[in-house]
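Engineer: What follows is start_2.cif; its format and atoms are mmCIF, C-alpha atoms, pLDDT in the B column; chains and numbers go by the auth columns.
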data_upload
loop_
_atom_site.group_PDB
_atom_site.id
_atom_site.type_symbol
_atom_site.label_atom_id
_atom_site.label_comp_id
_atom_site.label_asym_id
_atom_site.label_seq_id
_atom_site.Cartn_x
_atom_site.Cartn_y
_atom_site.Cartn_z
_atom_site.B_iso_or_equiv
_atom_site.auth_seq_id
_atom_site.auth_asym_id
ATOM 1 C CA MET A 1 -2.332 -15.010 10.366 53.00 1 A
ATOM 2 C CA CYS A 2 0.836 -13.106 9.551 65.00 2 A
ATOM 3 C CA LEU A 3 0.943 -9.816 7.744 74.00 3 A
ATOM 4 C CA ALA A 4 4.019 -8.207 6.228 80.00 4 A
ATOM 5 C CA ILE A 5 3.658 -4.691 4.862 85.00 5 A
ATOM 6 C CA PRO A 6 5.809 -3.138 2.124 93.00 6 A
ATOM 7 C CA SER A 7 7.765 -0.185 3.475 95.00 7 A
ATOM 8 C CA LYS A 8 10.197 2.247 1.871 97.00 8 A
ATOM 9 C CA ILE A 9 13.563 2.786 3.526 98.00 9 A
ATOM 10 C CA VAL A 10 14.065 6.504 4.161 98.00 10 A
ATOM 11 C CA GLU A 11 17.147 6.358 6.393 98.00 11 A
ATOM 12 C CA LEU A 12 19.826 3.807 7.301 98.00 12 A
ATOM 13 C CA HIS A 13 21.411 3.744 10.764 98.00 13 A
ATOM 14 C CA GLU A 14 24.815 2.404 11.787 96.00 14 A
ATOM 15 C CA ASP A 15 23.301 0.030 14.355 97.00 15 A
ATOM 16 C CA GLY A 16 21.749 -2.259 11.717 96.00 16 A
ATOM 17 C CA THR A 17 18.378 -0.537 11.754 98.00 17 A
ATOM 18 C CA ALA A 18 16.550 1.704 9.315 98.00 18 A
ATOM 19 C CA THR A 19 13.750 4.211 9.360 98.00 19 A
ATOM 20 C CA VAL A 20 10.981 3.208 6.971 98.00 20 A
ATOM 21 C CA ASP A 21 7.824 4.840 5.699 96.00 21 A
ATOM 22 C CA THR A 22 4.875 2.469 5.929 90.00 22 A
ATOM 23 C CA MET A 23 1.801 4.027 4.332 88.00 23 A
ATOM 24 C CA GLY A 24 2.749 7.459 5.674 92.00 24 A
ATOM 25 C CA VAL A 25 3.911 6.286 9.094 93.00 25 A
ATOM 26 C CA LYS A 26 7.626 6.387 9.848 97.00 26 A
ATOM 27 C CA ARG A 27 9.177 3.923 12.253 96.00 27 A
ATOM 28 C CA LYS A 28 12.477 2.288 13.052 98.00 28 A
ATOM 29 C CA ILE A 29 12.966 -1.361 12.071 97.00 29 A
ATOM 30 C CA SER A 30 15.701 -3.961 12.273 98.00 30 A
ATOM 31 C CA LEU A 31 17.626 -5.083 9.201 98.00 31 A
ATOM 32 C CA GLU A 32 19.108 -8.025 11.113 97.00 32 A
ATOM 33 C CA LEU A 33 17.187 -10.682 9.136 96.00 33 A
ATOM 34 C CA MET A 34 18.002 -9.322 5.674 95.00 34 A
ATOM 35 C CA ALA A 35 20.133 -11.611 3.523 91.00 35 A
ATOM 36 C CA GLU A 36 20.807 -8.922 0.914 93.00 36 A
ATOM 37 C CA ASP A 37 21.966 -5.320 1.166 94.00 37 A
ATOM 38 C CA VAL A 38 19.378 -2.559 1.081 96.00 38 A
ATOM 39 C CA GLY A 39 19.637 1.179 0.683 97.00 39 A
ATOM 40 C CA VAL A 40 17.615 4.351 0.993 98.00 40 A
ATOM 41 C CA GLY A 41 14.731 4.201 -1.478 97.00 41 A
ATOM 42 C CA ASP A 42 14.484 0.410 -1.452 97.00 42 A
ATOM 43 C CA TYR A 43 11.245 -1.318 -0.493 96.00 43 A
ATOM 44 C CA VAL A 44 11.238 -4.119 2.051 97.00 44 A
ATOM 45 C CA LEU A 45 8.570 -6.319 3.598 93.00 45 A
ATOM 46 C CA VAL A 46 8.317 -5.567 7.316 93.00 46 A
ATOM 47 C CA HIS A 47 6.948 -8.065 9.802 91.00 47 A
ATOM 48 C CA VAL A 48 6.883 -7.401 13.569 91.00 48 A
ATOM 49 C CA GLY A 49 9.596 -4.773 13.298 94.00 49 A
ATOM 50 C CA PHE A 50 11.986 -6.708 11.058 95.00 50 A
ATOM 51 C CA ALA A 51 12.680 -6.302 7.353 96.00 51 A
ATOM 52 C CA ILE A 52 12.354 -9.823 5.965 94.00 52 A
ATOM 53 C CA GLN A 53 12.593 -9.413 2.190 94.00 53 A
ATOM 54 C CA LYS A 54 13.549 -6.825 -0.407 95.00 54 A
ATOM 55 C CA LEU A 55 10.877 -6.005 -3.014 94.00 55 A
ATOM 56 C CA ASN A 56 11.103 -4.331 -6.366 93.00 56 A
ATOM 57 C CA GLU A 57 9.287 -1.000 -6.486 92.00 57 A
ATOM 58 C CA GLU A 58 6.526 -2.164 -8.853 94.00 58 A
ATOM 59 C CA GLU A 59 5.643 -5.136 -6.650 91.00 59 A
ATOM 60 C CA ALA A 60 5.687 -2.987 -3.497 92.00 60 A
ATOM 61 C CA LEU A 61 3.449 -0.297 -4.990 90.00 61 A
ATOM 62 C CA LYS A 62 0.922 -2.882 -6.215 93.00 62 A
ATOM 63 C CA SER A 63 0.747 -4.390 -2.721 89.00 63 A
ATOM 64 C CA LEU A 64 0.342 -0.975 -1.101 89.00 64 A
ATOM 65 C CA GLU A 65 -2.460 -0.138 -3.532 90.00 65 A
ATOM 66 C CA LEU A 66 -4.290 -3.314 -2.482 89.00 66 A
ATOM 67 C CA PHE A 67 -3.837 -2.453 1.208 85.00 67 A
ATOM 68 C CA GLU A 68 -5.291 1.010 0.544 88.00 68 A
ATOM 69 C CA GLU A 69 -8.316 -0.515 -1.216 88.00 69 A
ATOM 70 C CA ILE A 70 -8.941 -2.914 1.676 87.00 70 A
ATOM 71 C CA LEU A 71 -8.660 -0.135 4.258 86.00 71 A
ATOM 72 C CA SER A 72 -10.995 2.064 2.232 86.00 72 A
ATOM 73 C CA GLU A 73 -13.604 -0.712 2.032 85.00 73 A
ATOM 74 C CA LEU A 74 -13.359 -1.356 5.771 84.00 74 A
ATOM 75 C CA GLU A 75 -13.829 2.341 6.511 84.00 75 A
ATOM 76 C CA GLU A 76 -16.901 2.451 4.256 81.00 76 A
ATOM 77 C CA GLU A 77 -18.408 -0.590 5.996 79.00 77 A
ATOM 78 C CA GLU A 78 -17.778 0.905 9.417 78.00 78 A
ATOM 79 C CA GLN A 79 -19.481 4.138 8.355 78.00 79 A
ATOM 80 C CA LEU A 80 -22.477 2.195 7.039 72.00 80 A
ATOM 81 C CA TYR A 81 -22.863 -0.323 9.851 72.00 81 A
ATOM 82 C CA GLY A 82 -21.022 1.233 12.734 68.00 82 A
ATOM 83 C CA GLU A 83 -18.523 -0.491 14.937 61.00 83 A
ATOM 84 C CA PHE A 84 -20.899 -3.290 15.975 61.00 84 A
ATOM 85 C CA GLY A 85 -22.200 -4.579 12.648 60.00 85 A
ATOM 86 C CA GLU A 86 -25.414 -4.248 10.716 59.00 86 A
ATOM 87 C CA PRO A 87 -28.206 -2.520 12.692 56.00 87 A
ATOM 88 C CA ASP A 88 -30.968 -5.039 11.797 55.00 88 A
ATOM 89 C CA ARG A 89 -28.897 -8.165 12.342 54.00 89 A
ATOM 90 C CA PRO A 90 -28.119 -9.286 15.899 53.00 90 A
ATOM 91 C CA GLN A 91 -24.491 -10.128 16.516 56.00 91 A
ATOM 92 C CA GLU A 92 -23.552 -13.676 17.412 59.00 92 A
ATOM 93 C CA ARG A 93 -21.990 -14.180 20.810 57.00 93 A
ATOM 94 C CA VAL A 94 -19.002 -16.416 21.030 55.00 94 A
#
Please express the file's structure as C-alpha coordinates.

Structural biologist:
Amino acid sequence: MCLAIPSKIVELHEDGTATVDTMGVKRKISLELMAEDVGVGDYVLVHVGFAIQKLNEEEALKSLELFEEILSELEEEEQLYGEFGEPDRPQERV
(Lines of atoms letter the chains of each structure in order from A and count residues from 1; the text may use other names and numbers.)
(Lines give C-alpha, C1' and ligand atoms only; values in the text may rest on other atoms or scores of the structure.)
Protein backbone atom coordinates (compact mmCIF):
# COMPACT_ATOMS: atom_id res chain seq x y z
CA MET A 1 0.00 0.00 0.00
CA CYS A 2 1.25 3.47 -0.86
CA LEU A 3 0.55 6.55 1.17
CA ALA A 4 1.08 10.13 0.04
CA ILE A 5 0.59 12.86 2.62
CA PRO A 6 -0.36 16.48 1.87
CA SER A 7 2.41 18.84 2.93
CA LYS A 8 2.77 22.61 2.82
CA ILE A 9 5.88 24.08 1.24
CA VAL A 10 7.55 26.45 3.71
CA GLU A 11 10.86 27.02 1.91
CA LEU A 12 12.27 26.48 -1.58
CA HIS A 13 15.94 25.63 -2.12
CA GLU A 14 18.09 26.23 -5.20
CA ASP A 15 19.00 22.54 -5.50
CA GLY A 16 15.48 21.49 -6.56
CA THR A 17 14.34 20.62 -3.05
CA ALA A 18 11.95 22.22 -0.60
CA THR A 19 11.27 22.19 3.10
CA VAL A 20 7.71 21.13 3.82
CA ASP A 21 5.54 20.99 6.91
CA THR A 22 3.78 17.64 7.19
CA MET A 23 1.36 17.66 10.11
CA GLY A 24 3.76 19.74 12.19
CA VAL A 25 6.94 17.95 11.12
CA LYS A 26 9.34 19.80 8.84
CA ARG A 27 11.52 17.91 6.41
CA LYS A 28 13.36 18.37 3.15
CA ILE A 29 11.88 16.80 0.01
CA SER A 30 12.71 16.61 -3.68
CA LEU A 31 10.73 18.54 -6.27
CA GLU A 32 12.35 16.55 -9.09
CA LEU A 33 9.13 14.72 -10.06
CA MET A 34 6.89 17.79 -10.18
CA ALA A 35 5.51 18.63 -13.62
CA GLU A 36 4.25 22.06 -12.53
CA ASP A 37 5.87 24.92 -10.65
CA VAL A 38 5.25 25.24 -6.93
CA GLY A 39 5.93 27.99 -4.44
CA VAL A 40 6.00 28.71 -0.74
CA GLY A 41 2.51 28.17 0.67
CA ASP A 42 1.51 25.58 -1.92
CA TYR A 43 0.40 22.11 -0.86
CA VAL A 44 1.89 19.03 -2.48
CA LEU A 45 1.43 15.30 -2.05
CA VAL A 46 4.65 13.77 -0.73
CA HIS A 47 5.53 10.13 -1.23
CA VAL A 48 8.86 8.63 -0.09
CA GLY A 49 10.53 12.03 -0.03
CA PHE A 50 9.28 13.30 -3.39
CA ALA A 51 6.55 15.81 -4.16
CA ILE A 52 4.38 14.05 -6.73
CA GLN A 53 1.38 16.34 -7.21
CA LYS A 54 0.23 19.86 -6.38
CA LEU A 55 -3.04 20.14 -4.43
CA ASN A 56 -5.38 23.03 -3.91
CA GLU A 57 -5.54 24.18 -0.29
CA GLU A 58 -9.12 23.01 0.31
CA GLU A 59 -8.38 19.49 -0.90
CA ALA A 60 -5.16 19.32 1.15
CA LEU A 61 -6.83 20.50 4.35
CA LYS A 62 -9.68 17.98 3.96
CA SER A 63 -7.15 15.16 3.55
CA LEU A 64 -5.14 16.31 6.56
CA GLU A 65 -8.32 16.44 8.64
CA LEU A 66 -9.05 12.81 7.72
CA PHE A 67 -5.49 11.78 8.65
CA GLU A 68 -5.91 13.50 12.03
CA GLU A 69 -9.19 11.65 12.65
CA ILE A 70 -7.59 8.29 11.79
CA LEU A 71 -4.60 8.95 14.05
CA SER A 72 -6.89 10.03 16.87
CA GLU A 73 -8.95 6.83 16.56
CA LEU A 74 -5.81 4.69 16.54
CA GLU A 75 -4.51 6.42 19.66
CA GLU A 76 -7.84 5.84 21.42
CA GLU A 77 -7.80 2.14 20.50
CA GLU A 78 -4.23 1.76 21.72
CA GLN A 79 -5.16 3.38 25.03
CA LEU A 80 -8.15 1.05 25.41
CA TYR A 81 -6.54 -2.20 24.29
CA GLY A 82 -2.85 -1.57 24.66
CA GLU A 83 -0.22 -2.34 22.10
CA PHE A 84 -1.12 -6.03 21.82
CA GLY A 85 -4.87 -5.95 21.20
CA GLU A 86 -7.94 -6.64 23.27
CA PRO A 87 -7.15 -8.13 26.71
CA ASP A 88 -9.81 -10.91 26.58
CA ARG A 89 -9.12 -11.99 23.01
CA PRO A 90 -6.00 -14.04 22.25
CA GLN A 91 -3.98 -12.78 19.32
CA GLU A 92 -3.63 -14.97 16.26
CA ARG A 93 -0.13 -16.09 15.41
CA VAL A 94 0.93 -15.90 11.82

Engineer: Might you pull out every residue within 12 Å of stretch 65-75 of chain A, with all atoms listed in the file counted and same-chain residues fewer than 3 positions away left off, and present them as a VMD selection string?

Structural biologist: chain A and resid 3 to 6 22 to 24 58 to 62 78 to 83 85

Engineer: Grab the atom CA of A:Asp15 to atom CA of A:Leu55 distance for me, in Å with one decimal place.

Structural biologist: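 According to the coordinates, atom CA of A:Asp15 and atom CA of A:Leu55 are separated by 22.2 Å.
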
Engineer: Step by step, work through what the PyMOL selection byres ((chain A and resi 33) around 12) selects in the shown file, and finish by giving those residues as a ChimeraX atom specification.

Structural biologist: /A:16-17,29-32,34-38,44-54

Engineer: Could you pull the residues within 10 Å of A:Val10, counting all atoms listed in the file, minus those fewer than 4 positions along the same chain, as a short mmCIF file (atom, residue, chain, number, x, y, z; two decimals) with C-alpha atoms, keeping the file's coordinate frame?

Structural biologist:
data_model
loop_
_atom_site.label_atom_id
_atom_site.label_comp_id
_atom_site.auth_asym_id
_atom_site.auth_seq_id
_atom_site.Cartn_x
_atom_site.Cartn_y
_atom_site.Cartn_z
CA ALA A 18 16.55 1.70 9.32
CA THR A 19 13.75 4.21 9.36
CA VAL A 20 10.98 3.21 6.97
CA ASP A 21 7.82 4.84 5.70
CA LYS A 26 7.63 6.39 9.85
CA ARG A 27 9.18 3.92 12.25
CA LYS A 28 12.48 2.29 13.05
CA GLY A 39 19.64 1.18 0.68
CA VAL A 40 17.61 4.35 0.99
CA GLY A 41 14.73 4.20 -1.48
CA ASP A 42 14.48 0.41 -1.45
CA TYR A 43 11.24 -1.32 -0.49
#

Engineer: Because the input lacks atoms here, generate N, CA and C atoms for stretch 28-62 of chain A and report them as a JSON list (two decimals), keeping the file's coordinate frame.

Structural biologist:
[["chain", "number", "residue", "atom", "x", "y", "z"],
["A", 28, "LYS", "N", 11.17, 2.92, 13.11],
["A", 28, "LYS", "CA", 12.48, 2.29, 13.05],
["A", 28, "LYS", "C", 12.30, 0.78, 13.05],
["A", 29, "ILE", "N", 13.04, 0.10, 12.17],
["A", 29, "ILE", "CA", 12.97, -1.36, 12.07],
["A", 29, "ILE", "C", 14.36, -1.95, 12.09],
["A", 30, "SER", "N", 14.43, -3.24, 12.31],
["A", 30, "SER", "CA", 15.70, -3.96, 12.27],
["A", 30, "SER", "C", 15.95, -4.52, 10.88],
["A", 31, "LEU", "N", 17.21, -4.47, 10.47],
["A", 31, "LEU", "CA", 17.63, -5.08, 9.20],
["A", 31, "LEU", "C", 18.36, -6.39, 9.45],
["A", 32, "GLU", "N", 18.35, -6.85, 10.68],
["A", 32, "GLU", "CA", 19.11, -8.02, 11.11],
["A", 32, "GLU", "C", 18.80, -9.30, 10.32],
["A", 33, "LEU", "N", 17.58, -9.46, 9.84],
["A", 33, "LEU", "CA", 17.19, -10.68, 9.14],
["A", 33, "LEU", "C", 17.38, -10.62, 7.62],
["A", 34, "MET", "N", 17.85, -9.48, 7.12],
["A", 34, "MET", "CA", 18.00, -9.32, 5.67],
["A", 34, "MET", "C", 19.23, -10.06, 5.16],
["A", 35, "ALA", "N", 19.03, -10.87, 4.13],
["A", 35, "ALA", "CA", 20.13, -11.61, 3.52],
["A", 35, "ALA", "C", 20.87, -10.76, 2.50],
["A", 36, "GLU", "N", 20.18, -9.76, 1.92],
["A", 36, "GLU", "CA", 20.81, -8.92, 0.91],
["A", 36, "GLU", "C", 20.89, -7.47, 1.40],
["A", 37, "ASP", "N", 21.80, -6.72, 0.81],
["A", 37, "ASP", "CA", 21.97, -5.32, 1.17],
["A", 37, "ASP", "C", 20.77, -4.51, 0.68],
["A", 38, "VAL", "N", 20.44, -3.48, 1.46],
["A", 38, "VAL", "CA", 19.38, -2.56, 1.08],
["A", 38, "VAL", "C", 19.90, -1.14, 1.27],
["A", 39, "GLY", "N", 19.24, -0.22, 0.58],
["A", 39, "GLY", "CA", 19.64, 1.18, 0.68],
["A", 39, "GLY", "C", 18.43, 2.08, 0.75],
["A", 40, "VAL", "N", 18.68, 3.36, 0.97],
["A", 40, "VAL", "CA", 17.61, 4.35, 0.99],
["A", 40, "VAL", "C", 16.89, 4.31, -0.34],
["A", 41, "GLY", "N", 15.56, 4.28, -0.28],
["A", 41, "GLY", "CA", 14.73, 4.20, -1.48],
["A", 41, "GLY", "C", 14.27, 2.80, -1.82],
["A", 42, "ASP", "N", 14.91, 1.79, -1.23],
["A", 42, "ASP", "CA", 14.48, 0.41, -1.45],
["A", 42, "ASP", "C", 13.21, 0.11, -0.67],
["A", 43, "TYR", "N", 12.43, -0.84, -1.19],
["A", 43, "TYR", "CA", 11.24, -1.32, -0.49],
["A", 43, "TYR", "C", 11.55, -2.67, 0.13],
["A", 44, "VAL", "N", 11.07, -2.85, 1.35],
["A", 44, "VAL", "CA", 11.24, -4.12, 2.05],
["A", 44, "VAL", "C", 9.90, -4.53, 2.65],
["A", 45, "LEU", "N", 9.72, -5.83, 2.84],
["A", 45, "LEU", "CA", 8.57, -6.32, 3.60],
["A", 45, "LEU", "C", 8.94, -6.26, 5.07],
["A", 46, "VAL", "N", 8.05, -5.70, 5.89],
["A", 46, "VAL", "CA", 8.32, -5.57, 7.32],
["A", 46, "VAL", "C", 7.29, -6.40, 8.07],
["A", 47, "HIS", "N", 7.80, -7.23, 8.95],
["A", 47, "HIS", "CA", 6.95, -8.06, 9.80],
["A", 47, "HIS", "C", 7.46, -7.96, 11.23],
["A", 48, "VAL", "N", 6.58, -7.58, 12.14],
["A", 48, "VAL", "CA", 6.88, -7.40, 13.57],
["A", 48, "VAL", "C", 8.21, -6.68, 13.81],
["A", 49, "GLY", "N", 8.43, -5.60, 13.07],
["A", 49, "GLY", "CA", 9.60, -4.77, 13.30],
["A", 49, "GLY", "C", 10.87, -5.19, 12.61],
["A", 50, "PHE", "N", 10.81, -6.22, 11.77],
["A", 50, "PHE", "CA", 11.99, -6.71, 11.06],
["A", 50, "PHE", "C", 11.74, -6.67, 9.55],
["A", 51, "ALA", "N", 12.72, -6.17, 8.81],
["A", 51, "ALA", "CA", 12.68, -6.30, 7.35],
["A", 51, "ALA", "C", 13.01, -7.76, 7.04],
["A", 52, "ILE", "N", 12.15, -8.40, 6.23],
["A", 52, "ILE", "CA", 12.35, -9.82, 5.96],
["A", 52, "ILE", "C", 12.64, -10.13, 4.50],
["A", 53, "GLN", "N", 12.37, -9.16, 3.61],
["A", 53, "GLN", "CA", 12.59, -9.41, 2.19],
["A", 53, "GLN", "C", 12.62, -8.09, 1.44],
["A", 54, "LYS", "N", 13.50, -7.99, 0.46],
["A", 54, "LYS", "CA", 13.55, -6.82, -0.41],
["A", 54, "LYS", "C", 12.56, -7.02, -1.55],
["A", 55, "LEU", "N", 11.84, -5.96, -1.91],
["A", 55, "LEU", "CA", 10.88, -6.00, -3.01],
["A", 55, "LEU", "C", 11.30, -5.04, -4.11],
["A", 56, "ASN", "N", 10.90, -5.35, -5.35],
["A", 56, "ASN", "CA", 11.10, -4.33, -6.37],
["A", 56, "ASN", "C", 9.98, -3.30, -6.22],
["A", 57, "GLU", "N", 10.22, -2.11, -6.70],
["A", 57, "GLU", "CA", 9.29, -1.00, -6.49],
["A", 57, "GLU", "C", 7.90, -1.29, -7.04],
["A", 58, "GLU", "N", 7.82, -1.88, -8.23],
["A", 58, "GLU", "CA", 6.53, -2.16, -8.85],
["A", 58, "GLU", "C", 5.69, -3.11, -7.98],
["A", 59, "GLU", "N", 6.32, -4.16, -7.51],
["A", 59, "GLU", "CA", 5.64, -5.14, -6.65],
["A", 59, "GLU", "C", 5.17, -4.49, -5.35],
["A", 60, "ALA", "N", 6.02, -3.66, -4.75],
["A", 60, "ALA", "CA", 5.69, -2.99, -3.50],
["A", 60, "ALA", "C", 4.50, -2.04, -3.69],
["A", 61, "LEU", "N", 4.53, -1.26, -4.76],
["A", 61, "LEU", "CA", 3.45, -0.30, -4.99],
["A", 61, "LEU", "C", 2.12, -0.99, -5.27],
["A", 62, "LYS", "N", 2.15, -2.12, -5.98],
["A", 62, "LYS", "CA", 0.92, -2.88, -6.22],
["A", 62, "LYS", "C", 0.34, -3.38, -4.89]]
